[in-house]
file protein.cif (mmCIF, C-alpha atoms)
data_model
#
loop_
_atom_site.label_atom_id
_atom_site.label_comp_id
_atom_site.auth_asym_id
_atom_site.auth_seq_id
_atom_site.Cartn_x
_atom_site.Cartn_y
_atom_site.Cartn_z
CA MET A 1 -28.88 57.14 26.19
CA GLY A 2 -26.16 59.79 26.32
CA ASN A 3 -22.88 59.46 24.48
CA PHE A 4 -20.78 59.20 27.62
CA SER A 5 -23.29 56.58 28.76
CA LEU A 6 -22.78 54.65 25.52
CA GLY A 7 -19.02 54.97 25.76
CA ALA A 8 -19.03 53.84 29.35
CA CYS A 9 -21.32 50.92 28.51
CA LYS A 10 -18.90 49.81 25.82
CA GLN A 11 -16.24 49.58 28.50
CA THR A 12 -18.48 47.95 31.10
CA LEU A 13 -17.39 44.38 30.47
CA GLN A 14 -13.75 45.46 30.77
CA VAL A 15 -14.08 47.42 34.01
CA ILE A 16 -16.91 45.64 35.83
CA SER A 17 -14.49 43.28 37.55
CA GLN A 18 -12.65 46.32 38.92
CA ILE A 19 -15.89 47.58 40.49
CA PHE A 20 -16.06 44.34 42.46
CA TYR A 21 -12.37 44.60 43.30
CA TYR A 22 -12.57 48.19 44.57
CA LEU A 23 -15.95 48.02 46.27
CA TYR A 24 -16.48 44.44 47.30
CA SER A 25 -13.98 41.61 47.05
CA PRO A 26 -11.48 40.46 44.40
CA ARG A 27 -12.56 36.90 45.19
CA LEU A 28 -16.09 37.45 43.90
CA ILE A 29 -16.92 35.95 40.54
CA CYS A 30 -18.19 38.68 38.27
CA GLN A 31 -21.50 37.93 36.58
CA VAL A 32 -22.74 40.53 34.13
CA GLN A 33 -26.38 40.69 33.12
CA ILE A 34 -27.42 43.38 30.65
CA LEU A 35 -30.94 44.80 30.89
CA ILE A 36 -32.56 47.35 28.60
CA ALA A 37 -34.65 50.13 30.12
CA ASP A 38 -35.96 53.52 29.02
CA THR A 39 -35.44 55.83 31.99
CA VAL A 40 -38.26 58.17 30.95
CA ASN A 41 -40.74 55.31 30.56
CA LEU A 42 -42.08 54.28 33.96
CA PRO A 43 -43.29 50.78 32.92
CA SER A 44 -39.85 50.15 31.39
CA VAL A 45 -38.10 51.25 34.60
CA ARG A 46 -40.38 49.08 36.72
CA GLY A 47 -39.71 46.15 34.43
CA ALA A 48 -35.99 46.64 35.00
CA VAL A 49 -36.56 46.76 38.76
CA ARG A 50 -38.41 43.45 38.63
CA ALA A 51 -35.66 41.87 36.54
CA VAL A 52 -32.91 43.11 38.88
CA SER A 53 -34.88 42.00 41.92
CA SER A 54 -35.35 38.53 40.44
CA HIS A 55 -31.66 38.26 39.58
CA LEU A 56 -30.46 39.42 43.01
CA LYS A 57 -32.98 37.29 44.90
CA ASP A 58 -33.19 38.74 48.40
CA GLN A 59 -29.79 40.44 48.44
CA GLY A 60 -30.87 43.95 47.52
CA LEU A 61 -28.98 46.42 45.30
CA ASN A 62 -25.79 48.02 46.59
CA LEU A 63 -25.02 50.54 43.85
CA LEU A 64 -27.23 52.45 41.40
CA ILE A 65 -25.47 54.72 38.87
CA ASN A 66 -27.68 57.11 36.89
CA ASN A 67 -25.60 57.69 33.77
CA ALA A 68 -28.09 58.10 30.91
CA GLY A 69 -28.15 61.58 29.42
CA VAL A 70 -28.63 63.56 26.21
CA SER A 71 -27.06 66.79 25.01
CA SER A 72 -28.23 69.83 23.10
CA HIS A 73 -26.39 72.82 21.67
CA ALA A 74 -29.45 75.05 21.38
CA THR A 75 -28.86 78.77 21.89
CA LEU A 76 -31.29 81.47 22.96
CA ARG A 77 -32.19 82.10 19.31
CA SER A 78 -32.66 78.44 18.38
CA LEU A 79 -34.29 77.34 21.63
CA ASP A 80 -37.35 75.11 21.26
CA SER A 81 -39.62 74.25 24.19
CA ARG A 82 -40.14 70.66 23.03
CA GLU A 83 -36.39 70.10 22.89
CA MET A 84 -36.02 71.62 26.35
CA LEU A 85 -38.67 69.31 27.79
CA ALA A 86 -37.15 66.25 26.10
CA VAL A 87 -33.71 66.99 27.58
CA PHE A 88 -35.28 67.65 30.98
CA ALA A 89 -37.12 64.35 30.85
CA THR A 90 -33.95 62.34 30.22
CA ASN A 91 -31.40 64.27 32.26
CA VAL A 92 -33.51 65.24 35.27
CA VAL A 93 -36.82 63.40 35.61
CA GLY A 94 -35.32 60.09 34.47
CA PRO A 95 -32.63 59.81 37.18
CA LEU A 96 -35.09 60.79 39.91
CA GLN A 97 -37.65 58.29 38.63
CA VAL A 98 -35.05 55.52 38.48
CA ALA A 99 -33.84 56.31 42.00
CA LYS A 100 -37.39 56.23 43.33
CA GLU A 101 -38.22 52.86 41.77
CA PHE A 102 -34.95 51.16 42.79
CA LEU A 103 -35.03 52.58 46.32
CA PRO A 104 -36.65 49.48 47.92
CA LEU A 105 -33.79 47.32 46.63
CA LEU A 106 -31.22 49.80 47.91
CA GLU A 107 -32.91 49.92 51.30
CA LYS A 108 -32.86 46.13 51.44
CA ALA A 109 -29.11 46.07 50.75
CA ALA A 110 -28.50 48.77 53.35
CA ALA A 111 -30.48 46.83 55.95
CA LYS A 112 -28.53 43.64 55.26
CA ALA A 113 -25.27 45.54 55.80
CA ALA A 114 -26.43 46.95 59.11
CA GLY A 115 -23.19 45.75 60.70
CA LYS A 116 -21.18 48.17 58.56
CA ARG A 117 -20.60 51.62 60.01
CA GLY A 118 -21.41 54.76 58.04
CA LEU A 119 -22.30 55.10 54.38
CA SER A 120 -20.46 53.67 51.38
CA CYS A 121 -20.92 52.31 47.87
CA SER A 122 -20.40 48.80 49.23
CA ARG A 123 -23.46 49.26 51.44
CA ALA A 124 -26.00 51.19 49.38
CA ALA A 125 -25.52 54.22 47.13
CA ILE A 126 -27.04 56.30 44.35
CA ILE A 127 -24.51 58.00 42.06
CA ASN A 128 -25.80 60.61 39.62
CA VAL A 129 -23.40 61.29 36.76
CA SER A 130 -23.59 65.06 36.39
CA THR A 131 -21.43 67.66 34.65
CA LYS A 132 -19.63 70.82 35.65
CA LEU A 133 -21.54 72.47 32.79
CA GLY A 134 -24.41 72.48 35.26
CA SER A 135 -22.37 74.24 37.94
CA ILE A 136 -23.71 77.72 38.62
CA GLY A 137 -20.38 78.64 40.20
CA LEU A 138 -18.42 77.65 37.10
CA CYS A 139 -20.89 78.64 34.37
CA LEU A 140 -19.00 81.78 33.36
CA GLY A 141 -15.72 79.91 32.97
CA VAL A 142 -16.84 76.70 31.26
CA LEU A 143 -17.11 76.81 27.47
CA GLU A 144 -18.55 79.67 25.47
CA ALA A 145 -21.55 77.85 23.99
CA PRO A 146 -24.71 78.40 26.07
CA MET A 147 -26.14 74.89 25.32
CA TYR A 148 -29.37 75.96 27.04
CA PRO A 149 -31.31 72.67 27.25
CA TYR A 150 -28.31 70.58 28.35
CA ARG A 151 -26.84 73.02 30.87
CA VAL A 152 -30.21 74.10 32.25
CA SER A 153 -31.35 70.47 32.60
CA LYS A 154 -28.46 70.06 35.00
CA VAL A 155 -29.69 73.11 36.91
CA VAL A 156 -33.52 73.11 36.97
CA LEU A 157 -36.10 70.58 38.19
CA ALA A 158 -39.56 70.67 39.77
CA LEU A 159 -39.17 68.74 43.01
CA ARG A 160 -41.23 68.46 46.18
CA CYS A 161 -38.66 70.27 48.31
CA LEU A 162 -38.10 73.02 45.73
CA PHE A 163 -40.15 74.10 42.73
CA GLN A 164 -37.01 74.85 40.80
CA ALA A 165 -33.72 73.27 41.76
CA ALA A 166 -30.62 71.89 40.19
CA GLN A 167 -30.25 68.30 39.06
CA ASN A 168 -27.37 68.46 41.46
CA MET A 169 -29.80 69.70 44.10
CA VAL A 170 -31.74 66.49 43.51
CA THR A 171 -28.65 64.64 44.67
CA ARG A 172 -28.48 66.89 47.72
CA CYS A 173 -32.14 66.33 48.51
CA LEU A 174 -31.76 62.58 48.09
CA ALA A 175 -28.68 62.57 50.30
CA VAL A 176 -30.56 64.31 53.09
CA GLU A 177 -33.70 62.20 52.76
CA LEU A 178 -31.92 58.85 52.46
CA ARG A 179 -29.17 59.37 55.05
CA ASP A 180 -31.30 57.77 57.78
CA LYS A 181 -31.93 54.84 55.46
CA SER A 182 -28.15 54.34 55.14
CA VAL A 183 -28.15 55.13 51.40
CA LEU A 184 -25.27 57.32 50.20
CA CYS A 185 -25.89 59.80 47.37
CA ALA A 186 -23.36 61.80 45.35
CA ALA A 187 -22.97 63.57 42.00
CA ILE A 188 -19.96 62.84 39.78
CA HIS A 189 -18.58 64.86 36.87
CA PRO A 190 -16.84 62.35 34.54
CA GLY A 191 -14.63 64.95 32.89
CA TRP A 192 -14.43 65.95 29.23
CA VAL A 193 -14.36 62.53 27.61
CA LYS A 194 -13.61 61.34 24.07
CA THR A 195 -17.12 60.31 22.95
CA ASP A 196 -19.52 61.43 20.24
CA MET A 197 -20.72 64.08 22.69
CA GLY A 198 -17.27 65.08 23.91
CA THR A 199 -15.62 64.79 20.47
CA GLN A 200 -12.05 63.69 19.85
CA LYS A 201 -10.83 67.06 21.13
CA ALA A 202 -11.54 65.88 24.67
CA PRO A 203 -8.43 65.08 26.74
CA LEU A 204 -9.85 62.00 28.53
CA THR A 205 -10.45 58.50 27.20
CA VAL A 206 -13.50 56.64 28.45
CA GLU A 207 -11.22 54.10 30.11
CA ARG A 208 -9.32 56.73 32.11
CA SER A 209 -12.51 58.49 33.18
CA VAL A 210 -14.18 55.27 34.30
CA GLN A 211 -11.06 54.18 36.19
CA GLY A 212 -11.00 57.52 37.98
CA ILE A 213 -14.69 57.34 38.84
CA LEU A 214 -14.26 53.84 40.27
CA THR A 215 -11.47 55.08 42.52
CA VAL A 216 -13.64 57.96 43.70
CA LEU A 217 -16.59 55.65 44.39
CA ALA A 218 -14.40 53.40 46.51
CA GLY A 219 -13.52 56.35 48.74
CA LEU A 220 -17.01 57.78 49.24
CA SER A 221 -18.26 57.83 52.81
CA GLN A 222 -20.78 59.47 55.10
CA ASP A 223 -18.67 62.65 54.91
CA THR A 224 -19.05 62.85 51.12
CA SER A 225 -22.71 61.92 50.82
CA GLY A 226 -24.40 64.80 49.01
CA ALA A 227 -21.10 65.95 47.48
CA PHE A 228 -20.43 67.09 43.89
CA LEU A 229 -17.09 65.63 42.81
CA ASP A 230 -15.17 65.21 39.59
CA TRP A 231 -13.62 61.99 38.29
CA GLU A 232 -10.46 62.71 40.27
CA GLY A 233 -12.29 63.25 43.54
CA ASN A 234 -12.03 67.05 43.55
CA SER A 235 -14.96 68.98 45.02
CA LEU A 236 -16.88 71.14 42.53
CA PRO A 237 -18.97 74.24 43.29
CA TRP A 238 -22.71 73.88 42.90
#
call {"tool": "encode", "arguments": {"input": "protein.cif", "output": "structure tokens"}}
result
Amino acid sequence: MGNFSLGACKQTLQVISQIFYYLYSPRLICQVQILIADTVNLPSVRGAVRAVSSHLKDQGLNLLINNAGVSSHATLRSLDSREMLAVFATNVVGPLQVAKEFLPLLEKAAAKAAGKRGLSCSRAAIINVSTKLGSIGLCLGVLEAPMYPYRVSKVVLALRCLFQAAQNMVTRCLAVELRDKSVLCAAIHPGWVKTDMGTQKAPLTVERSVQGILTVLAGLSQDTSGAFLDWEGNSLPW
């Protein structure tokens, strides 16, 4: 689990009610159930799907956020193929695997909300927490450290539609493929956040980042499916 993921999870119980307020209804009673899953272990992911399905009964899943991630500061001189593959597995293969396995629950939720027009997080959505460190357009202006495994894992993936494509391109591919199934997909950059990964030099607290992300999620629509946005809702270059 990545450090932003851990930080965000620590705040989950404090902000989960706001997710319901922004996306669903302030009258809903918030019930939190914590499940443990290893996103690179397929049996573990499928076990989580079964648990979520059992908990939700026949309601389906409205919102899936892929937030787990790991970092690496390897340079060209210190690069190790095993480290590269490990980062790829968590940051790239994991989110795609999770999306694939939870898709039937998302499709069920989308079908039940057939009366709603367009796409939204209150209908059915997959949100991939990305980073502008993986932006090809910004790579020359974001930090000096190459961080090869981390940055490249946000840029390269073997996928059916492309042999090599960005993790962000995965979001784009999902958005195109799932549009007809009424499932919204978007990539979100949470900002530079005060976590073990971000260090205390970061300008954003976890609380502020999460609050911003929640506001952005509430405003997502068919027009922003497949978009790459930051925690303030600004569009980022791929």
call {"tool": "atom_distance", "arguments": {"input": "protein.cif", "atom1": "atom CA of Gly212 of chain A", "atom2": "atom CA of Val170 of chain A"}}
result
23.3 Å
call {"tool": "atom_distance", "arguments": {"input": "protein.cif", "atom1": "atom CA of Pro203 of chain A", "atom2": "atom CA of Pro190 of chain A"}}
result
11.8 Å
call {"tool": "resolve_selection", "arguments": {"input": "protein.cif", "expression": "the PyMOL selection byres ((chain A and resi 221) around 6)", "output": "list of chain:residue names"}}
result
A:Leu119, A:Ser120, A:Leu220, A:Gln222, A:Asp223, A:Thr224
call {"tool": "atom_distance", "arguments": {"input": "protein.cif", "atom1": "atom CA of Gly94 of chain A", "atom2": "atom CA of Asn67 of chain A"}}
result
10.0 Å
call {"tool": "resolve_selection", "arguments": {"input": "protein.cif", "expression": "the PyMOL selection byres ((chain A and resi 189) around 8)", "output": "PyMOL selection string"}}
result
chain A and resi 129-132+187-188+190-191+228-231
call {"tool": "closest_residue", "arguments": {"input": "protein.cif", "among": "A:Ala186, A:Thr215, A:Asp196, A:Leu79", "to": "Gln167 of chain A", "atoms": "all atoms listed in the file"}}
result
A:Ala186
call {"tool": "residues_near_point", "arguments": {"input": "protein.cif", "point": "(-12.8, 56.0, 32.7)", "cutoff": "9 Å", "atoms": "all atoms listed in the file", "output": "list in words"}}
result
Ala8, Gln11, Val15, Pro190, Val193, Leu204, Thr205, Val206, Glu207, Arg208, Ser209, Val210, Gln211, Gly212, Ile213, Leu214 and Trp231 of chain A
call {"tool": "closest_residue", "arguments": {"input": "protein.cif", "among": "A:Gln97, A:Ser81, A:Ser182, A:Asn91", "to": "Lys112 of chain A", "atoms": "only C-alpha atoms"}}
result
A:Ser182
call {"tool": "residues_around", "arguments": {"input": "protein.cif", "residues": "Leu103 of chain A", "least_positions_apart": "2", "cutoff": "12 Å", "atoms": "all atoms listed in the file", "output": "JSON, numbers by chain"}}
result
{"A": [46, 49, 53, 60, 61, 62, 63, 64, 95, 96, 97, 98, 99, 100, 101, 105, 106, 107, 108, 109, 110, 124, 125, 126, 174, 177, 178, 181, 182, 183, 184, 185]}
call {"tool": "closest_residue", "arguments": {"input": "protein.cif", "among": "A:Cys121, A:Val40, A:Ala114, A:Val70", "to": "Gly219 of chain A", "atoms": "only C-alpha atoms"}}
result
A:Cys121
call {"tool": "axis_aligned_box", "arguments": {"input": "protein.cif", "around": "segment 88-101 of chain A", "padding_each_side": "5 Å", "output": "AutoDock Vina command-line options"}}
result
--center_x -34.8 --center_y 60.3 --center_z 36.8 --size_x 16.8 --size_y 24.8 --size_z 23.1
call {"tool": "decode", "arguments": {"input": "protein.cif", "residues": "segment 167-187 of chain A", "atoms": "N, CA, C and O atoms", "output": "mmCIF file, in the first residue's frame"}}
result
data_model
loop_
_atom_site.group_PDB
_atom_site.id
_atom_site.type_symbol
_atom_site.label_atom_id
_atom_site.label_comp_id
_atom_site.auth_asym_id
_atom_site.auth_seq_id
_atom_site.Cartn_x
_atom_site.Cartn_y
_atom_site.Cartn_z
ATOM 1 N N GLN A 167 -0.090 4.395 -17.543
ATOM 2 C CA GLN A 167 -1.113 4.021 -16.565
ATOM 3 C C GLN A 167 -2.304 4.949 -16.764
ATOM 4 O O GLN A 167 -3.450 4.548 -16.630
ATOM 5 N N ASN A 168 -2.000 6.170 -17.120
ATOM 6 C CA ASN A 168 -3.074 7.098 -17.430
ATOM 7 C C ASN A 168 -3.817 6.679 -18.685
ATOM 8 O O ASN A 168 -5.026 6.897 -18.801
ATOM 9 N N MET A 169 -3.087 6.068 -19.639
ATOM 10 C CA MET A 169 -3.746 5.572 -20.837
ATOM 11 C C MET A 169 -4.703 4.430 -20.494
ATOM 12 O O MET A 169 -5.709 4.219 -21.175
ATOM 13 N N VAL A 170 -4.391 3.696 -19.432
ATOM 14 C CA VAL A 170 -5.306 2.653 -18.980
ATOM 15 C C VAL A 170 -6.653 3.278 -18.629
ATOM 16 O O VAL A 170 -7.713 2.763 -18.984
ATOM 17 N N THR A 171 -6.591 4.412 -17.950
ATOM 18 C CA THR A 171 -7.826 5.122 -17.608
ATOM 19 C C THR A 171 -8.571 5.525 -18.875
ATOM 20 O O THR A 171 -9.794 5.386 -18.963
ATOM 21 N N ARG A 172 -7.817 6.019 -19.863
ATOM 22 C CA ARG A 172 -8.432 6.417 -21.127
ATOM 23 C C ARG A 172 -9.070 5.222 -21.833
ATOM 24 O O ARG A 172 -10.190 5.310 -22.357
ATOM 25 N N CYS A 173 -8.363 4.117 -21.845
ATOM 26 C CA CYS A 173 -8.894 2.907 -22.484
ATOM 27 C C CYS A 173 -10.142 2.415 -21.764
ATOM 28 O O CYS A 173 -11.130 2.030 -22.402
ATOM 29 N N LEU A 174 -10.097 2.432 -20.429
ATOM 30 C CA LEU A 174 -11.263 2.018 -19.658
ATOM 31 C C LEU A 174 -12.446 2.941 -19.918
ATOM 32 O O LEU A 174 -13.587 2.490 -20.041
ATOM 33 N N ALA A 175 -12.156 4.243 -19.987
ATOM 34 C CA ALA A 175 -13.232 5.210 -20.205
ATOM 35 C C ALA A 175 -13.937 4.955 -21.528
ATOM 36 O O ALA A 175 -15.170 5.020 -21.620
ATOM 37 N N VAL A 176 -13.158 4.649 -22.552
ATOM 38 C CA VAL A 176 -13.741 4.383 -23.867
ATOM 39 C C VAL A 176 -14.527 3.078 -23.855
ATOM 40 O O VAL A 176 -15.658 3.003 -24.343
ATOM 41 N N GLU A 177 -13.926 2.043 -23.278
ATOM 42 C CA GLU A 177 -14.555 0.719 -23.288
ATOM 43 C C GLU A 177 -15.811 0.654 -22.425
ATOM 44 O O GLU A 177 -16.770 -0.049 -22.749
ATOM 45 N N LEU A 178 -15.811 1.397 -21.306
ATOM 46 C CA LEU A 178 -16.919 1.283 -20.352
ATOM 47 C C LEU A 178 -17.977 2.371 -20.498
ATOM 48 O O LEU A 178 -18.965 2.365 -19.766
ATOM 49 N N ARG A 179 -17.779 3.306 -21.429
ATOM 50 C CA ARG A 179 -18.752 4.384 -21.611
ATOM 51 C C ARG A 179 -20.147 3.821 -21.913
ATOM 52 O O ARG A 179 -21.143 4.264 -21.344
ATOM 53 N N ASP A 180 -20.211 2.830 -22.803
ATOM 54 C CA ASP A 180 -21.502 2.255 -23.167
ATOM 55 C C ASP A 180 -22.127 1.452 -22.030
ATOM 56 O O ASP A 180 -23.317 1.144 -22.068
ATOM 57 N N LYS A 181 -21.321 1.114 -21.036
ATOM 58 C CA LYS A 181 -21.827 0.409 -19.866
ATOM 59 C C LYS A 181 -22.190 1.376 -18.745
ATOM 60 O O LYS A 181 -22.492 0.974 -17.632
ATOM 61 N N SER A 182 -22.101 2.678 -19.050
ATOM 62 C CA SER A 182 -22.450 3.753 -18.117
ATOM 63 C C SER A 182 -21.533 3.805 -16.894
ATOM 64 O O SER A 182 -21.950 4.173 -15.800
ATOM 65 N N VAL A 183 -20.255 3.428 -17.093
ATOM 66 C CA VAL A 183 -19.261 3.490 -16.019
ATOM 67 C C VAL A 183 -18.261 4.596 -16.345
ATOM 68 O O VAL A 183 -17.568 4.544 -17.362
ATOM 69 N N LEU A 184 -18.207 5.608 -15.510
ATOM 70 C CA LEU A 184 -17.276 6.730 -15.672
ATOM 71 C C LEU A 184 -15.874 6.315 -15.226
ATOM 72 O O LEU A 184 -15.723 5.557 -14.266
ATOM 73 N N CYS A 185 -14.856 6.814 -15.895
ATOM 74 C CA CYS A 185 -13.467 6.544 -15.498
ATOM 75 C C CYS A 185 -12.664 7.837 -15.571
ATOM 76 O O CYS A 185 -12.797 8.607 -16.525
ATOM 77 N N ALA A 186 -11.824 8.071 -14.571
ATOM 78 C CA ALA A 186 -10.990 9.273 -14.568
ATOM 79 C C ALA A 186 -9.738 9.029 -13.744
ATOM 80 O O ALA A 186 -9.702 8.134 -12.884
ATOM 81 N N ALA A 187 -8.698 9.807 -14.014
ATOM 82 C CA ALA A 187 -7.449 9.749 -13.252
ATOM 83 C C ALA A 187 -7.323 11.030 -12.434
ATOM 84 O O ALA A 187 -7.581 12.121 -12.943
#
